[in-house]
file data15.tsv (TSV, N, CA and C atoms and all ligand atoms)
chain	number	residue	atom	x	y	z
J	1	MET	N	-18.20	4.33	1.58
J	1	MET	CA	-17.45	3.15	1.15
J	1	MET	C	-16.25	3.58	0.32
J	2	GLU	N	-15.35	4.32	0.96
J	2	GLU	CA	-14.18	4.80	0.22
J	2	GLU	C	-13.15	3.69	0.07
J	3	PRO	N	-12.64	3.52	-1.13
J	3	PRO	CA	-11.60	2.51	-1.30
J	3	PRO	C	-10.30	2.93	-0.63
J	4	LYS	N	-9.55	1.97	-0.20
J	4	LYS	CA	-8.20	2.26	0.28
J	4	LYS	C	-7.30	1.11	-0.09
J	5	LEU	N	-6.03	1.32	0.12
J	5	LEU	CA	-5.07	0.29	-0.25
J	5	LEU	C	-4.59	-0.46	0.98
J	6	GLU	N	-4.31	-1.72	0.78
J	6	GLU	CA	-3.84	-2.55	1.87
J	6	GLU	C	-2.67	-3.40	1.36
J	7	ILE	N	-1.68	-3.59	2.20
J	7	ILE	CA	-0.55	-4.45	1.83
J	7	ILE	C	-0.72	-5.77	2.55
J	8	ASN	N	-0.75	-6.84	1.77
J	8	ASN	CA	-1.01	-8.14	2.39
J	8	ASN	C	0.29	-8.91	2.66
J	9	THR	N	0.15	-10.14	3.09
J	9	THR	CA	1.29	-10.91	3.55
J	9	THR	C	2.20	-11.38	2.41
J	10	ARG	N	1.82	-11.10	1.18
J	10	ARG	CA	2.70	-11.47	0.07
J	10	ARG	C	3.87	-10.51	-0.06
J	11	CYS	N	3.85	-9.43	0.69
J	11	CYS	CA	4.92	-8.44	0.64
J	11	CYS	C	6.27	-9.08	0.98
J	12	ILE	N	7.25	-8.80	0.13
J	12	ILE	CA	8.59	-9.36	0.35
J	12	ILE	C	9.58	-8.28	0.81
J	13	ASN	N	9.03	-7.15	1.26
J	13	ASN	CA	9.85	-6.06	1.82
J	13	ASN	C	10.92	-5.54	0.85
J	14	CYS	N	10.55	-5.43	-0.42
J	14	CYS	CA	11.55	-5.02	-1.41
J	14	CYS	C	11.79	-3.51	-1.40
J	15	ASP	N	10.87	-2.76	-0.79
J	15	ASP	CA	11.01	-1.32	-0.61
J	15	ASP	C	10.69	-0.50	-1.87
J	16	LEU	N	10.36	-1.16	-2.96
J	16	LEU	CA	10.09	-0.43	-4.21
J	16	LEU	C	8.94	0.56	-4.05
J	17	CYS	N	7.88	0.13	-3.44
J	17	CYS	CA	6.69	0.98	-3.33
J	17	CYS	C	6.97	2.20	-2.46
J	18	ARG	N	7.66	1.99	-1.38
J	18	ARG	CA	7.90	3.08	-0.43
J	18	ARG	C	8.74	4.18	-1.08
J	19	VAL	N	9.76	3.77	-1.83
J	19	VAL	CA	10.63	4.74	-2.48
J	19	VAL	C	9.88	5.47	-3.60
J	20	ALA	N	8.99	4.77	-4.27
J	20	ALA	CA	8.34	5.35	-5.45
J	20	ALA	C	7.13	6.22	-5.12
J	21	CYS	N	6.52	6.02	-3.99
J	21	CYS	CA	5.27	6.72	-3.70
J	21	CYS	C	5.46	8.24	-3.71
J	22	PRO	N	4.72	8.95	-4.58
J	22	PRO	CA	4.88	10.40	-4.67
J	22	PRO	C	4.36	11.14	-3.44
J	23	GLU	N	3.56	10.49	-2.63
J	23	GLU	CA	2.99	11.14	-1.44
J	23	GLU	C	3.69	10.71	-0.15
J	24	ASP	N	4.69	9.88	-0.25
J	24	ASP	CA	5.33	9.31	0.95
J	24	ASP	C	4.31	8.66	1.88
J	25	SER	N	3.41	7.95	1.29
J	25	SER	CA	2.31	7.34	2.06
J	25	SER	C	2.63	5.95	2.58
J	26	ILE	N	3.75	5.41	2.17
J	26	ILE	CA	4.06	4.03	2.57
J	26	ILE	C	5.12	4.06	3.66
J	27	LEU	N	4.75	3.48	4.78
J	27	LEU	CA	5.60	3.52	5.97
J	27	LEU	C	5.93	2.11	6.41
J	28	ILE	N	6.98	2.00	7.21
J	28	ILE	CA	7.31	0.71	7.79
J	28	ILE	C	7.01	0.77	9.28
J	29	THR	N	6.09	-0.09	9.70
J	29	THR	CA	5.70	-0.15	11.10
J	29	THR	C	5.88	-1.58	11.59
J	30	ASP	N	6.61	-1.75	12.64
J	30	ASP	CA	6.88	-3.10	13.15
J	30	ASP	C	7.36	-4.02	12.04
J	31	GLN	N	8.25	-3.50	11.22
J	31	GLN	CA	8.85	-4.26	10.11
J	31	GLN	C	7.82	-4.73	9.09
J	32	GLN	N	6.67	-4.03	9.07
J	32	GLN	CA	5.68	-4.33	8.05
J	32	GLN	C	5.37	-3.05	7.29
J	33	TYR	N	5.16	-3.20	6.01
J	33	TYR	CA	4.81	-2.03	5.21
J	33	TYR	C	3.32	-1.74	5.37
J	34	VAL	N	3.02	-0.48	5.61
J	34	VAL	CA	1.63	-0.07	5.72
J	34	VAL	C	1.41	1.19	4.91
J	35	ILE	N	0.19	1.39	4.45
J	35	ILE	CA	-0.14	2.56	3.65
J	35	ILE	C	-0.96	3.52	4.50
J	36	GLU	N	-0.46	4.72	4.58
J	36	GLU	CA	-1.13	5.78	5.33
J	36	GLU	C	-2.32	6.26	4.50
J	37	THR	N	-3.50	5.90	4.92
J	37	THR	CA	-4.65	6.09	4.03
J	37	THR	C	-5.01	7.56	3.81
J	38	TRP	N	-4.74	8.43	4.78
J	38	TRP	CA	-5.18	9.81	4.59
J	38	TRP	C	-4.36	10.54	3.54
J	39	SER	N	-3.12	10.12	3.35
J	39	SER	CA	-2.30	10.83	2.35
J	39	SER	C	-2.26	10.12	1.00
J	40	CYS	N	-2.61	8.87	0.97
J	40	CYS	CA	-2.59	8.11	-0.29
J	40	CYS	C	-3.68	8.63	-1.22
J	41	THR	N	-3.29	8.90	-2.46
J	41	THR	CA	-4.25	9.40	-3.45
J	41	THR	C	-4.78	8.28	-4.35
J	42	ILE	N	-4.38	7.05	-4.03
J	42	ILE	CA	-4.75	5.89	-4.84
J	42	ILE	C	-4.37	6.12	-6.30
J	43	CYS	N	-3.16	6.59	-6.49
J	43	CYS	CA	-2.68	6.83	-7.85
J	43	CYS	C	-2.39	5.52	-8.58
J	44	GLY	N	-2.18	4.46	-7.83
J	44	GLY	CA	-2.00	3.15	-8.45
J	44	GLY	C	-0.56	2.79	-8.78
J	45	LEU	N	0.35	3.72	-8.58
J	45	LEU	CA	1.75	3.47	-8.94
J	45	LEU	C	2.33	2.28	-8.18
J	46	CYS	N	2.09	2.22	-6.90
J	46	CYS	CA	2.68	1.14	-6.09
J	46	CYS	C	2.09	-0.21	-6.49
J	47	ILE	N	0.84	-0.22	-6.88
J	47	ILE	CA	0.22	-1.48	-7.30
J	47	ILE	C	0.92	-2.01	-8.55
J	48	GLU	N	1.22	-1.08	-9.46
J	48	GLU	CA	1.91	-1.47	-10.68
J	48	GLU	C	3.33	-1.94	-10.42
J	49	LEU	N	4.00	-1.31	-9.47
J	49	LEU	CA	5.41	-1.61	-9.22
J	49	LEU	C	5.61	-2.88	-8.41
J	50	CYS	N	4.71	-3.19	-7.55
J	50	CYS	CA	4.93	-4.29	-6.61
J	50	CYS	C	5.16	-5.61	-7.35
J	51	PRO	N	6.30	-6.25	-7.11
J	51	PRO	CA	6.63	-7.47	-7.83
J	51	PRO	C	5.86	-8.70	-7.33
J	52	SER	N	5.23	-8.58	-6.17
J	52	SER	CA	4.56	-9.77	-5.65
J	52	SER	C	3.05	-9.59	-5.50
J	53	GLU	N	2.53	-8.56	-6.16
J	53	GLU	CA	1.09	-8.30	-6.12
J	53	GLU	C	0.55	-8.26	-4.70
J	54	ALA	N	1.29	-7.58	-3.84
J	54	ALA	CA	0.92	-7.54	-2.43
J	54	ALA	C	0.02	-6.37	-2.08
J	55	ILE	N	-0.17	-5.45	-3.02
J	55	ILE	CA	-0.97	-4.26	-2.72
J	55	ILE	C	-2.32	-4.36	-3.42
J	56	GLN	N	-3.36	-4.24	-2.63
J	56	GLN	CA	-4.70	-4.42	-3.15
J	56	GLN	C	-5.59	-3.25	-2.76
J	57	ILE	N	-6.54	-2.95	-3.63
J	57	ILE	CA	-7.56	-1.97	-3.27
J	57	ILE	C	-8.67	-2.69	-2.54
J	58	VAL	N	-9.03	-2.18	-1.38
J	58	VAL	CA	-10.14	-2.75	-0.63
J	58	VAL	C	-11.13	-1.63	-0.32
J	59	SER	N	-12.35	-1.98	-0.08
J	59	SER	CA	-13.32	-0.96	0.29
J	59	SER	C	-13.63	-1.07	1.77
J	60	ASP	N	-14.07	0.04	2.34
J	60	ASP	CA	-14.30	0.10	3.79
J	60	ASP	C	-15.21	-1.00	4.30
J	61	SER	N	-16.14	-1.39	3.46
J	61	SER	CA	-17.12	-2.37	3.90
J	61	SER	C	-16.48	-3.72	4.19
J	62	LEU	N	-15.26	-3.92	3.67
J	62	LEU	CA	-14.60	-5.19	3.89
J	62	LEU	C	-13.60	-5.14	5.03
J	63	ILE	N	-13.44	-3.96	5.62
J	63	ILE	CA	-12.43	-3.80	6.67
J	63	ILE	C	-13.09	-3.84	8.05
J	64	LYS	N	-12.54	-4.69	8.90
J	64	LYS	CA	-13.08	-4.76	10.26
J	64	LYS	C	-12.47	-3.65	11.11
J	65	ASP	N	-13.21	-3.13	12.02
J	65	ASP	CA	-12.69	-2.10	12.91
J	65	ASP	C	-11.68	-2.68	13.88
K	101	LIG	S1	-1.45	4.48	-4.57
K	101	LIG	FE1	0.01	6.10	-5.05
K	101	LIG	S2	-0.17	7.53	-3.34
K	101	LIG	FE2	-1.09	5.63	-2.67
K	101	LIG	S3	0.53	4.52	-1.61
K	101	LIG	FE3	0.52	3.83	-3.75
K	101	LIG	S4	2.02	5.13	-4.81
K	101	LIG	FE4	1.49	6.11	-2.85
K	102	LIG	S1	6.53	-3.18	-3.60
K	102	LIG	FE1	5.23	-4.86	-2.84
K	102	LIG	S2	6.67	-6.40	-2.09
K	102	LIG	FE2	7.81	-4.48	-2.29
K	102	LIG	S3	7.70	-3.54	-0.24
K	102	LIG	FE3	5.99	-2.73	-1.46
K	102	LIG	S4	4.24	-4.08	-0.99
K	102	LIG	FE4	6.10	-5.13	-0.34
call {"tool": "encode", "arguments": {"input": "data15.tsv", "output": "structure tokens", "more": "lines below"}}
Ligand code: SF4
Ligand code: SF4
result
Amino acid sequence: MEPKLEINTRCINCDLCRVACPEDSILITDQQYVIETWSCTICGLCIELCPSEAIQIVSDSLIKD
């Protein structure tokens, strides 16, 4: 049950998180921001920076395949 980060629909595409991420884990796919889970260290920086509280920690048990 490893936690990971997810960007929800509250994202306003401000780009702050992508620029700030020390691991370059935040990508834009189909004009949506997504977090590359294998490289993300869950440092929490993007969660703090996001102006619209769009980034949340979720656990695997809550994610559908
Ligand atoms: S938690 Fe840290 S490593 Fe993961 S996406 Fe956010 S800023 Fe990048
Ligand atoms: S900081 Fe928040 S609102 Fe801005 S692009 Fe990232 S997830 Fe979206």
call {"tool": "closest_residue", "arguments": {"input": "data15.tsv", "among": "J:Ile12, J:Val34, J:Val58, J:Leu5", "to": "ligand LIG 102 (chain K)", "atoms": "all atoms listed in the file"}}
result
J:Ile12
call {"tool": "closest_atom_pairs", "arguments": {"input": "data15.tsv", "of": "chain J", "to": "ligand LIG 102 (chain K)", "cutoff": "6.5 Å", "atoms": "all atoms listed in the file", "output": "CSV"}}
result
residue,atom,partner,partner_atom,distance
J:Ile7,CA,K:LIG102,S4,5.6
J:Asn8,N,K:LIG102,S4,6.3
J:Arg10,C,K:LIG102,S2,5.4
J:Cys11,CA,K:LIG102,FE4,3.6
J:Ile12,N,K:LIG102,S2,3.3
J:Asn13,CA,K:LIG102,S3,3.9
J:Cys14,N,K:LIG102,S3,3.4
J:Asp15,N,K:LIG102,S3,3.3
J:Leu16,N,K:LIG102,FE2,4.2
J:Cys17,N,K:LIG102,S1,3.6
J:Arg18,N,K:LIG102,FE3,5.0
J:Tyr33,CA,K:LIG102,S3,6.4
J:Cys46,C,K:LIG102,S1,6.1
J:Leu49,C,K:LIG102,S1,4.9
J:Cys50,CA,K:LIG102,S1,3.6
J:Pro51,N,K:LIG102,FE1,4.6
J:Ser52,N,K:LIG102,S2,4.8
J:Glu53,N,K:LIG102,FE1,5.7
J:Ala54,N,K:LIG102,FE1,4.9
J:Ile55,N,K:LIG102,S4,5.0
call {"tool": "residues_near_ligand", "arguments": {"input": "data15.tsv", "ligand": "ligand LIG 101 (chain K)", "cutoff": "8 Å", "atoms": "only C-alpha atoms and all ligand atoms", "output": "list of chain:residue names"}}
result
J:Leu5, J:Cys17, J:Arg18, J:Ala20, J:Cys21, J:Pro22, J:Glu23, J:Asp24, J:Ser25, J:Ile26, J:Ile35, J:Glu36, J:Thr37, J:Ser39, J:Cys40, J:Thr41, J:Ile42, J:Cys43, J:Gly44, J:Leu45, J:Cys46, J:Ile47
call {"tool": "select_by_dssp", "arguments": {"input": "data15.tsv", "residues": "chain J", "states": "helix (DSSP H, G or I)", "output": "MDAnalysis selection string"}}
result
chainID J and resid 16:20 45:49 60:62
call {"tool": "write_last_selection", "arguments": {"input": "data15.tsv", "atoms": "N, CA and C atoms", "output": "JSON list (two decimals), in the frame of the given file"}}
result
[["chain", "number", "residue", "atom", "x", "y", "z"],
["J", 16, "LEU", "N", 10.36, -1.16, -2.96],
["J", 16, "LEU", "CA", 10.09, -0.43, -4.21],
["J", 16, "LEU", "C", 8.94, 0.56, -4.05],
["J", 17, "CYS", "N", 7.88, 0.13, -3.44],
["J", 17, "CYS", "CA", 6.69, 0.98, -3.33],
["J", 17, "CYS", "C", 6.97, 2.20, -2.46],
["J", 18, "ARG", "N", 7.66, 1.99, -1.38],
["J", 18, "ARG", "CA", 7.90, 3.08, -0.43],
["J", 18, "ARG", "C", 8.74, 4.18, -1.08],
["J", 19, "VAL", "N", 9.76, 3.77, -1.83],
["J", 19, "VAL", "CA", 10.63, 4.74, -2.48],
["J", 19, "VAL", "C", 9.88, 5.47, -3.60],
["J", 20, "ALA", "N", 8.99, 4.77, -4.27],
["J", 20, "ALA", "CA", 8.34, 5.35, -5.45],
["J", 20, "ALA", "C", 7.13, 6.22, -5.12],
["J", 45, "LEU", "N", 0.35, 3.72, -8.58],
["J", 45, "LEU", "CA", 1.75, 3.47, -8.94],
["J", 45, "LEU", "C", 2.33, 2.28, -8.18],
["J", 46, "CYS", "N", 2.09, 2.22, -6.90],
["J", 46, "CYS", "CA", 2.68, 1.14, -6.09],
["J", 46, "CYS", "C", 2.09, -0.21, -6.49],
["J", 47, "ILE", "N", 0.84, -0.22, -6.88],
["J", 47, "ILE", "CA", 0.22, -1.48, -7.30],
["J", 47, "ILE", "C", 0.92, -2.01, -8.55],
["J", 48, "GLU", "N", 1.22, -1.08, -9.46],
["J", 48, "GLU", "CA", 1.91, -1.47, -10.68],
["J", 48, "GLU", "C", 3.33, -1.94, -10.42],
["J", 49, "LEU", "N", 4.00, -1.31, -9.47],
["J", 49, "LEU", "CA", 5.41, -1.61, -9.22],
["J", 49, "LEU", "C", 5.61, -2.88, -8.41],
["J", 60, "ASP", "N", -14.07, 0.04, 2.34],
["J", 60, "ASP", "CA", -14.30, 0.10, 3.79],
["J", 60, "ASP", "C", -15.21, -1.00, 4.30],
["J", 61, "SER", "N", -16.14, -1.39, 3.46],
["J", 61, "SER", "CA", -17.12, -2.37, 3.90],
["J", 61, "SER", "C", -16.48, -3.72, 4.19],
["J", 62, "LEU", "N", -15.26, -3.92, 3.67],
["J", 62, "LEU", "CA", -14.60, -5.19, 3.89],
["J", 62, "LEU", "C", -13.60, -5.14, 5.03]]
call {"tool": "select_by_dssp", "arguments": {"input": "data15.tsv", "residues": "stretch 22-61 of chain J", "states": "strand (DSSP E or B)", "output": "list of chain:residue names"}}
result
J:Ile26, J:Leu27, J:Ile28, J:Thr29, J:Gln32, J:Tyr33, J:Val34, J:Ile35, J:Ile55, J:Gln56, J:Ile57, J:Val58, J:Ser59
